[in-house]
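Structure file my_file16.tsv (TSV, C-alpha atoms) follows.
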chain	number	residue	atom	x	y	z
A	6	MET	CA	28.89	-242.63	14.05
A	7	LYS	CA	25.16	-242.70	14.14
A	8	PRO	CA	23.59	-242.67	17.57
A	9	ARG	CA	22.00	-245.98	18.36
A	10	ARG	CA	18.31	-245.86	18.66
A	11	MET	CA	16.78	-246.64	21.99
A	12	LYS	CA	15.79	-250.20	22.45
A	13	ARG	CA	12.03	-250.47	22.60
A	14	PRO	CA	10.56	-252.80	25.19
A	15	VAL	CA	7.55	-253.51	23.04
A	16	ARG	CA	5.48	-255.63	25.38
A	17	GLY	CA	5.82	-253.14	28.20
A	18	ASN	CA	4.87	-250.31	25.85
A	19	SER	CA	1.57	-251.79	24.81
A	20	VAL	CA	0.68	-252.43	28.43
A	21	ILE	CA	1.40	-248.79	29.24
A	22	ILE	CA	-0.67	-247.59	26.27
A	23	ALA	CA	-3.58	-249.78	27.32
A	24	ALA	CA	-3.33	-248.50	30.90
A	25	LEU	CA	-3.28	-244.89	29.68
A	26	ALA	CA	-6.33	-245.52	27.53
A	27	LEU	CA	-8.18	-246.88	30.54
A	28	VAL	CA	-7.19	-243.91	32.70
A	29	LEU	CA	-8.31	-241.52	29.96
A	30	ALA	CA	-11.64	-243.29	29.66
A	31	GLY	CA	-12.07	-242.95	33.42
A	32	VAL	CA	-11.27	-239.23	33.34
A	33	MET	CA	-13.76	-238.64	30.54
A	34	GLY	CA	-16.41	-240.40	32.58
A	35	GLU	CA	-15.70	-238.11	35.51
A	36	PHE	CA	-16.25	-235.02	33.39
A	37	THR	CA	-19.85	-235.93	32.70
A	38	ALA	CA	-20.50	-235.86	36.43
A	39	PHE	CA	-18.82	-232.49	36.67
A	40	ALA	CA	-21.64	-230.03	36.14
A	41	ALA	CA	-23.91	-231.26	38.90
A	42	ASP	CA	-25.23	-227.97	40.18
A	43	GLN	CA	-28.78	-227.69	41.33
A	44	ALA	CA	-30.99	-225.00	39.89
A	45	VAL	CA	-32.76	-222.90	42.45
A	46	ASP	CA	-36.30	-224.05	43.08
A	47	ALA	CA	-38.83	-221.57	44.34
A	48	ASN	CA	-40.73	-224.30	46.15
A	49	GLY	CA	-37.80	-225.48	48.22
A	50	GLN	CA	-37.26	-229.08	49.20
A	51	LEU	CA	-39.91	-231.70	49.43
A	52	GLU	CA	-40.79	-232.49	53.02
A	53	ASP	CA	-40.37	-236.22	52.65
A	54	GLN	CA	-36.65	-236.98	52.38
A	55	GLY	CA	-37.32	-240.11	50.33
A	56	LEU	CA	-39.37	-238.14	47.83
A	57	GLN	CA	-36.70	-235.42	47.69
A	58	THR	CA	-34.06	-238.03	46.85
A	59	ARG	CA	-36.24	-239.44	44.10
A	60	PHE	CA	-37.03	-235.93	42.89
A	61	GLU	CA	-33.33	-235.19	42.48
A	62	LEU	CA	-32.67	-238.51	40.79
A	63	ILE	CA	-35.49	-238.03	38.29
A	64	THR	CA	-34.83	-234.40	37.49
A	65	HIS	CA	-31.16	-235.14	36.85
A	66	GLU	CA	-32.24	-237.86	34.45
A	67	LEU	CA	-34.50	-235.64	32.34
A	68	ARG	CA	-33.16	-233.42	29.62
A	69	CYS	CA	-34.17	-229.80	29.46
A	70	LEU	CA	-35.30	-229.64	25.84
A	71	VAL	CA	-34.72	-225.91	25.60
A	72	CYS	CA	-31.03	-226.10	26.46
A	73	GLN	CA	-30.66	-229.77	25.48
A	74	ASN	CA	-27.36	-230.38	27.26
A	75	GLU	CA	-28.63	-229.59	30.71
A	76	SER	CA	-30.91	-231.63	32.89
A	77	ILE	CA	-34.12	-230.06	34.14
A	78	ALA	CA	-32.54	-230.17	37.59
A	79	ASP	CA	-29.74	-227.86	36.46
A	80	SER	CA	-31.65	-225.56	34.19
A	81	ASN	CA	-33.51	-222.40	35.02
A	82	ALA	CA	-35.32	-222.32	31.69
A	83	ASP	CA	-39.05	-221.75	32.06
A	84	LEU	CA	-39.87	-225.16	30.70
A	85	ALA	CA	-37.48	-226.84	33.13
A	86	VAL	CA	-39.19	-225.06	36.02
A	87	ASP	CA	-42.56	-226.28	34.75
A	88	LEU	CA	-41.32	-229.83	34.31
A	89	ARG	CA	-39.78	-229.88	37.78
A	90	GLN	CA	-43.14	-228.78	39.11
A	91	GLN	CA	-44.78	-231.57	37.14
A	92	VAL	CA	-42.35	-234.16	38.55
A	93	ARG	CA	-42.89	-232.81	42.06
A	94	GLU	CA	-46.65	-233.10	41.80
A	95	MET	CA	-46.51	-236.57	40.34
A	96	LEU	CA	-44.21	-237.69	43.18
A	97	VAL	CA	-46.48	-236.25	45.81
A	98	GLY	CA	-49.38	-237.88	43.97
A	99	GLY	CA	-47.74	-241.25	44.56
A	100	LYS	CA	-46.55	-241.94	41.01
A	101	SER	CA	-43.61	-244.33	40.55
A	102	ASN	CA	-40.34	-243.27	38.91
A	103	ASP	CA	-41.20	-245.33	35.85
A	104	ALA	CA	-44.62	-243.71	35.56
A	105	ILE	CA	-42.98	-240.29	35.60
A	106	PHE	CA	-40.39	-241.26	32.99
A	107	ASP	CA	-43.15	-242.73	30.83
A	108	PHE	CA	-45.16	-239.54	31.18
A	109	MET	CA	-42.21	-237.53	29.91
A	110	THR	CA	-41.21	-239.83	27.05
A	111	ASP	CA	-44.85	-240.07	25.91
A	112	ARG	CA	-44.85	-236.31	25.44
A	113	TYR	CA	-41.29	-235.39	24.58
A	114	GLY	CA	-39.83	-238.58	23.14
A	115	GLU	CA	-36.90	-240.77	24.18
A	116	PHE	CA	-34.56	-237.80	23.79
A	117	VAL	CA	-35.85	-236.38	27.07
A	118	ARG	CA	-34.01	-239.09	28.97
A	119	PHE	CA	-30.28	-238.82	29.49
A	120	ASN	CA	-30.14	-242.48	30.30
A	121	PRO	CA	-32.27	-244.23	27.70
A	122	PRO	CA	-33.41	-247.73	28.68
A	123	LEU	CA	-31.48	-250.55	27.06
A	124	GLU	CA	-33.69	-251.91	24.32
A	125	ARG	CA	-33.41	-252.84	20.69
A	126	LYS	CA	-33.43	-249.39	19.15
A	127	THR	CA	-31.00	-248.00	21.74
A	128	LEU	CA	-28.59	-250.89	21.32
A	129	LEU	CA	-26.31	-248.79	19.11
A	130	ILE	CA	-25.99	-246.06	21.74
A	131	TRP	CA	-25.17	-248.52	24.46
A	132	GLY	CA	-22.99	-250.75	22.34
A	133	ALA	CA	-20.94	-248.10	20.53
A	134	PRO	CA	-18.48	-247.37	23.39
A	135	PHE	CA	-17.63	-251.04	23.73
A	136	VAL	CA	-17.24	-251.45	19.99
A	137	MET	CA	-14.94	-248.40	19.93
A	138	LEU	CA	-12.92	-249.75	22.85
A	139	LEU	CA	-12.57	-253.10	21.12
A	140	LEU	CA	-11.59	-251.41	17.85
A	141	GLY	CA	-9.00	-249.27	19.62
A	142	GLY	CA	-7.66	-252.32	21.40
A	143	VAL	CA	-7.27	-254.22	18.14
A	144	ILE	CA	-5.45	-251.26	16.55
A	145	VAL	CA	-3.12	-250.85	19.53
A	146	TYR	CA	-2.42	-254.57	19.56
A	147	ARG	CA	-1.63	-254.69	15.86
A	148	VAL	CA	0.59	-251.61	15.95
A	149	ALA	CA	2.44	-252.99	18.95
A	150	ARG	CA	2.94	-256.33	17.27
A	151	GLN	CA	4.19	-254.70	14.10
A	152	ARG	CA	6.69	-252.63	16.03
A	153	GLY	CA	7.83	-255.74	17.79
A	154	ARG	CA	8.84	-257.16	14.43
A	155	MET	CA	10.77	-254.03	13.48
A	156	PRO	CA	14.56	-254.02	13.87
A	157	LEU	CA	15.67	-252.62	17.18
A	158	ASP	CA	18.53	-250.51	15.86
A	159	ASP	CA	19.42	-248.66	12.72
A	160	GLU	CA	20.00	-251.66	10.54
A	161	PRO	CA	17.84	-251.45	7.44
A	162	ALA	CA	14.65	-253.41	7.71
A	163	THR	CA	14.65	-256.77	6.04
A	164	ARG	CA	10.98	-256.43	5.10
A	165	PRO	CA	10.29	-255.37	1.51
B	21	MET	CA	-5.99	-254.36	-0.86
B	22	TRP	CA	-7.42	-253.82	2.63
B	23	LYS	CA	-4.83	-251.15	3.21
B	24	PHE	CA	-6.50	-248.93	0.63
B	25	LEU	CA	-10.06	-250.09	0.91
B	26	LEU	CA	-10.33	-249.57	4.64
B	27	PRO	CA	-9.28	-245.89	4.74
B	28	PHE	CA	-11.45	-245.27	1.70
B	29	ALA	CA	-14.46	-246.86	3.38
B	30	ALA	CA	-13.74	-244.78	6.49
B	31	PHE	CA	-13.59	-241.66	4.33
B	32	VAL	CA	-16.92	-242.42	2.68
B	33	ALA	CA	-18.47	-243.08	6.08
B	34	LEU	CA	-17.21	-239.70	7.32
B	35	VAL	CA	-18.57	-237.91	4.25
B	36	VAL	CA	-22.00	-239.43	4.84
B	37	LEU	CA	-21.84	-238.55	8.54
B	38	PHE	CA	-20.85	-234.94	7.85
B	39	ALA	CA	-23.36	-234.55	5.04
B	40	PHE	CA	-26.02	-235.41	7.59
B	41	GLY	CA	-24.52	-233.76	10.66
B	42	LEU	CA	-23.35	-230.49	9.13
B	43	ASN	CA	-26.29	-229.99	6.80
B	44	PRO	CA	-27.16	-226.33	7.38
B	45	SER	CA	-30.84	-226.85	6.57
B	46	ARG	CA	-31.22	-229.36	9.38
B	47	ASP	CA	-32.48	-227.77	12.59
B	48	ILE	CA	-30.51	-229.55	15.30
B	49	HIS	CA	-33.04	-228.50	17.91
B	50	ALA	CA	-36.00	-229.95	16.05
B	51	LEU	CA	-37.05	-233.19	17.68
B	52	PRO	CA	-39.44	-235.76	16.32
B	53	SER	CA	-42.70	-235.60	18.23
B	54	PRO	CA	-43.82	-238.86	19.82
B	55	LEU	CA	-47.33	-237.50	19.47
B	56	ILE	CA	-47.49	-238.11	15.73
B	57	GLY	CA	-50.24	-240.61	14.99
B	58	LYS	CA	-51.53	-240.42	18.56
B	59	PRO	CA	-54.74	-238.77	19.75
B	60	ALA	CA	-54.26	-235.07	20.32
B	61	PRO	CA	-54.41	-234.22	24.04
B	62	THR	CA	-57.66	-232.46	24.77
B	63	PHE	CA	-57.69	-229.19	26.58
B	64	ALA	CA	-60.41	-227.06	28.13
B	65	LEU	CA	-59.09	-223.57	28.68
B	66	THR	CA	-60.44	-220.07	28.48
B	67	ASP	CA	-60.18	-217.62	25.64
B	68	VAL	CA	-57.37	-215.09	25.84
B	69	LEU	CA	-59.66	-212.28	24.74
B	70	ASP	CA	-62.60	-213.26	26.92
B	71	PRO	CA	-61.88	-215.24	30.12
B	72	SER	CA	-65.55	-216.18	30.41
B	73	ARG	CA	-65.47	-217.98	27.08
B	74	ALA	CA	-64.30	-221.60	27.05
B	75	VAL	CA	-61.96	-222.89	24.37
B	76	SER	CA	-61.61	-226.61	23.90
B	77	ASN	CA	-60.35	-228.72	21.03
B	78	ALA	CA	-62.96	-231.37	21.81
B	79	SER	CA	-65.52	-229.33	19.87
B	80	LEU	CA	-63.31	-229.55	16.78
B	81	ASN	CA	-63.64	-233.33	16.52
B	82	GLY	CA	-64.35	-234.42	13.00
B	83	GLN	CA	-62.51	-231.46	11.57
B	84	VAL	CA	-58.96	-231.08	10.39
B	85	TYR	CA	-57.46	-228.19	12.34
B	86	VAL	CA	-54.20	-226.47	13.13
B	87	LEU	CA	-52.95	-225.58	16.60
B	88	ASN	CA	-50.33	-222.87	16.77
B	89	VAL	CA	-48.37	-222.36	20.00
B	90	TRP	CA	-47.24	-218.80	20.53
B	91	ALA	CA	-46.45	-216.18	23.16
B	92	THR	CA	-45.72	-212.49	23.21
B	93	TRP	CA	-42.27	-213.15	24.72
B	94	CYS	CA	-41.40	-215.26	21.70
B	95	VAL	CA	-39.59	-213.24	19.05
B	96	PRO	CA	-39.95	-215.77	16.20
B	97	CYS	CA	-43.71	-215.71	16.85
B	98	ARG	CA	-43.74	-212.08	15.86
B	99	GLU	CA	-41.88	-213.12	12.76
B	100	GLU	CA	-44.46	-215.70	11.70
B	101	HIS	CA	-47.48	-213.57	12.53
B	102	GLU	CA	-47.78	-212.03	9.06
B	103	ALA	CA	-47.75	-215.50	7.50
B	104	LEU	CA	-50.40	-216.74	9.94
B	105	LEU	CA	-52.65	-213.80	9.09
B	106	SER	CA	-52.31	-214.51	5.41
B	107	ILE	CA	-52.88	-218.26	5.87
B	108	SER	CA	-55.92	-217.52	8.01
B	109	ARG	CA	-57.42	-215.37	5.24
B	110	GLN	CA	-57.19	-218.35	2.90
B	111	HIS	CA	-59.75	-220.18	5.12
B	112	VAL	CA	-58.38	-223.68	4.60
B	113	VAL	CA	-58.73	-225.06	8.13
B	114	PRO	CA	-59.61	-223.63	11.54
B	115	LEU	CA	-56.51	-222.09	13.10
B	116	ILE	CA	-56.51	-222.37	16.88
B	117	GLY	CA	-53.98	-220.50	18.97
B	118	LEU	CA	-52.43	-221.75	22.20
B	119	ASN	CA	-51.07	-218.80	24.10
B	120	TRP	CA	-48.28	-220.37	26.14
B	121	LYS	CA	-47.12	-219.05	29.52
B	122	ASP	CA	-48.05	-215.53	28.72
B	123	GLN	CA	-49.97	-212.67	30.23
B	124	ARG	CA	-53.52	-212.14	29.11
B	125	GLU	CA	-53.17	-208.39	28.78
B	126	ARG	CA	-50.06	-208.61	26.64
B	127	ALA	CA	-51.56	-211.31	24.45
B	128	LYS	CA	-54.70	-209.22	23.98
B	129	GLN	CA	-52.63	-206.21	23.03
B	130	TRP	CA	-50.60	-208.27	20.55
B	131	LEU	CA	-53.72	-209.54	18.81
B	132	GLU	CA	-55.34	-206.10	18.75
B	133	GLN	CA	-52.26	-204.42	17.33
B	134	LEU	CA	-51.09	-207.06	14.88
B	135	GLY	CA	-54.39	-208.64	13.95
B	136	ASN	CA	-55.90	-211.95	15.02
B	137	PRO	CA	-55.37	-214.91	12.71
B	138	TYR	CA	-57.02	-217.39	15.09
B	139	GLN	CA	-60.59	-218.67	15.29
B	140	ALA	CA	-59.99	-218.97	19.01
B	141	VAL	CA	-56.99	-218.56	21.27
B	142	ALA	CA	-56.73	-220.77	24.35
B	143	PHE	CA	-54.92	-219.25	27.28
B	144	ASP	CA	-52.39	-221.66	28.81
B	145	GLY	CA	-50.94	-219.46	31.52
B	146	ASP	CA	-49.34	-222.22	33.61
B	147	GLY	CA	-48.11	-224.24	30.63
B	148	ARG	CA	-49.94	-227.44	31.60
B	149	THR	CA	-51.57	-227.93	28.24
B	150	ALA	CA	-48.25	-227.26	26.52
B	151	ILE	CA	-46.64	-230.06	28.54
B	152	GLU	CA	-49.44	-232.40	27.43
B	153	TRP	CA	-48.63	-231.56	23.81
B	154	GLY	CA	-44.88	-231.88	24.33
B	155	VAL	CA	-44.23	-228.24	23.53
B	156	TYR	CA	-40.63	-227.26	24.23
B	157	GLY	CA	-40.37	-224.00	22.36
B	158	ALA	CA	-42.42	-221.49	20.49
B	159	PRO	CA	-43.60	-221.26	17.84
B	160	GLU	CA	-44.77	-224.79	17.22
B	161	THR	CA	-47.58	-225.72	14.89
B	162	TYR	CA	-49.56	-228.95	15.01
B	163	LEU	CA	-51.88	-230.45	12.44
B	164	VAL	CA	-54.74	-232.62	13.71
B	165	ASP	CA	-56.86	-234.86	11.50
B	166	ARG	CA	-60.59	-235.66	11.57
B	167	GLN	CA	-60.11	-238.54	13.99
B	168	GLY	CA	-58.42	-236.15	16.38
B	169	ARG	CA	-54.93	-237.53	15.80
B	170	VAL	CA	-51.84	-235.36	15.56
B	171	ILE	CA	-50.48	-235.96	12.07
B	172	TYR	CA	-47.76	-233.35	11.81
B	173	LYS	CA	-45.72	-231.01	13.94
B	174	PHE	CA	-43.73	-228.09	12.62
B	175	ILE	CA	-41.11	-226.45	14.82
B	176	SER	CA	-40.02	-222.98	13.63
B	177	PRO	CA	-41.79	-219.86	12.41
B	178	MET	CA	-44.53	-220.63	9.91
B	179	THR	CA	-44.15	-219.27	6.39
B	180	GLN	CA	-46.39	-219.43	3.35
B	181	GLN	CA	-43.84	-221.76	1.71
B	182	VAL	CA	-43.89	-224.17	4.64
B	183	TRP	CA	-47.66	-224.03	4.65
B	184	ASP	CA	-47.88	-224.82	0.95
B	185	ARG	CA	-45.22	-227.50	1.05
B	186	GLU	CA	-45.84	-229.29	4.36
B	187	PHE	CA	-49.37	-228.51	5.44
B	188	LEU	CA	-51.59	-228.29	2.35
B	189	PRO	CA	-50.75	-231.77	1.01
B	190	ARG	CA	-51.29	-233.30	4.46
B	191	ILE	CA	-54.57	-231.46	4.89
B	192	ALA	CA	-55.73	-232.69	1.49
B	193	ALA	CA	-54.71	-236.24	2.37
B	194	ALA	CA	-56.41	-236.03	5.77
B	195	ARG	CA	-59.61	-235.01	4.06
B	196	GLY	CA	-59.28	-237.92	1.71
B	197	GLY	CA	-59.30	-235.75	-1.39
B	198	GLY	CA	-62.69	-234.11	-0.75
B	199	ALA	CA	-62.76	-230.62	0.73
Could you write out this structure as structure tokens?
Amino acid sequence: MKPRRMKRPVRGNSVIIAALALVLAGVMGEFTAFAADQAVDANGQLEDQGLQTRFELITHELRCLVCQNESIADSNADLAVDLRQQVREMLVGGKSNDAIFDFMTDRYGEFVRFNPPLERKTLLIWGAPFVMLLLGGVIVYRVARQRGRMPLDDEPATRP
Amino acid sequence: MWKFLLPFAAFVALVVLFAFGLNPSRDIHALPSPLIGKPAPTFALTDVLDPSRAVSNASLNGQVYVLNVWATWCVPCREEHEALLSISRQHVVPLIGLNWKDQRERAKQWLEQLGNPYQAVAFDGDGRTAIEWGVYGAPETYLVDRQGRVIYKFISPMTQQVWDREFLPRIAAARGGGA
């Protein structure tokens, strides 16, 4: 006698898969915030706490172009040290965050920003995750629906 | 129909993606310069060899010239030096050096020992000028046209082949055919 196959609660399954996907997405997001170490700065902290907060925000937002996957806040590359100094001076000189970001993108291009502004040419970058999520959802839904139509035990399928 | 077409389309898309992404001749660290087509940042620095002598690119206005960023700590710069010397001997355009975050004495020694391909070498000890030009590595070589606009940036050691292929046609075009 053949062992009977387990009955598949199809609806419940797809819910579990969707939940797992969401959890996974959340975990992946956490990883990007993982490597938040501060490189040692010879100049120490800025005296003004507000400026120091902005300094940290900005330097974490700017890519170190030598190492490319580190921010200039995390990197000890020579260029990163120079760029931190540049940011520091611009802050003390009363420049706004946007002015500093513009200064950097004017010289190094959009790639210098980890968080590119949402505009027409960056639409693909910003939209892609949602498109992927939607695509994955559609696939999961279709697979789940197909399985729902499959026979629950070992009887041969009636589909051609 | 869709069952076959869709995986096939996905396959073709992957081939295109890999052909671009895994192309060994593509330098993944080379970034497009936002400076292309924009006015070249002006600098007023001193000469590496003679601190009392000023070097500025403002005096080059109206000329097509090349700015080469180098340093003695930069190994690929040593590699391209021979090519720069040979290009310099061909006297096509003024070749200006930007000595980036270096020490004067070392730079002097380098030029004395290996030969000096530059008309002038600006000393950018604190790297400020390099930031203005968007330099993120060495060597980098910029081409500036008569109107003082950056028209080309080459990231990697210069070779005679690169010079002939990338620079000479652009120089000719920038001069509008006449020499």
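The gap separating atom CA of Leu115 of chain B from atom CA of Asn88 of chain B is 7.2 Å, in Å to one decimal.
Near chain B, the residues of chain A that fall inside 12 Å (using all atoms listed in the file) are Arg68, Cys69, Leu70, Val71, Cys72, Gln73, Asn74, Ala82, Asp83, Leu84, Ala85, Val86, Asp87, Leu88, Arg89, Gln90, Gln91, Val92, Asp107, Phe108, Met109, Thr110, Asp111, Arg112, Tyr113, Gly114, Glu115, Phe116 and Val117 of chain A.
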One decimal, Å: what's the distance from atom CA of Met95 of chain A over to atom CA of Asp79 of chain A, could you say?
19.3 Å
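One finds atom CA of Leu134 of chain B at 14.5 Å from atom CA of Ile107 of chain B.
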Determine the nearest neighbour of Gly98 of chain A from the options A:Leu67, A:Leu56, A:Arg154, A:Ala133, counting all atoms listed in the file.
A:Leu56
What lies within 10 Å of Glu102 of chain B using all atoms listed in the file, ignoring chain neighbours under 5 positions off, as a list in words?
Cys97, Ile107, Ser108, Leu134, Gly135, Pro137, Met178, Thr179 and Gln180 of chain B
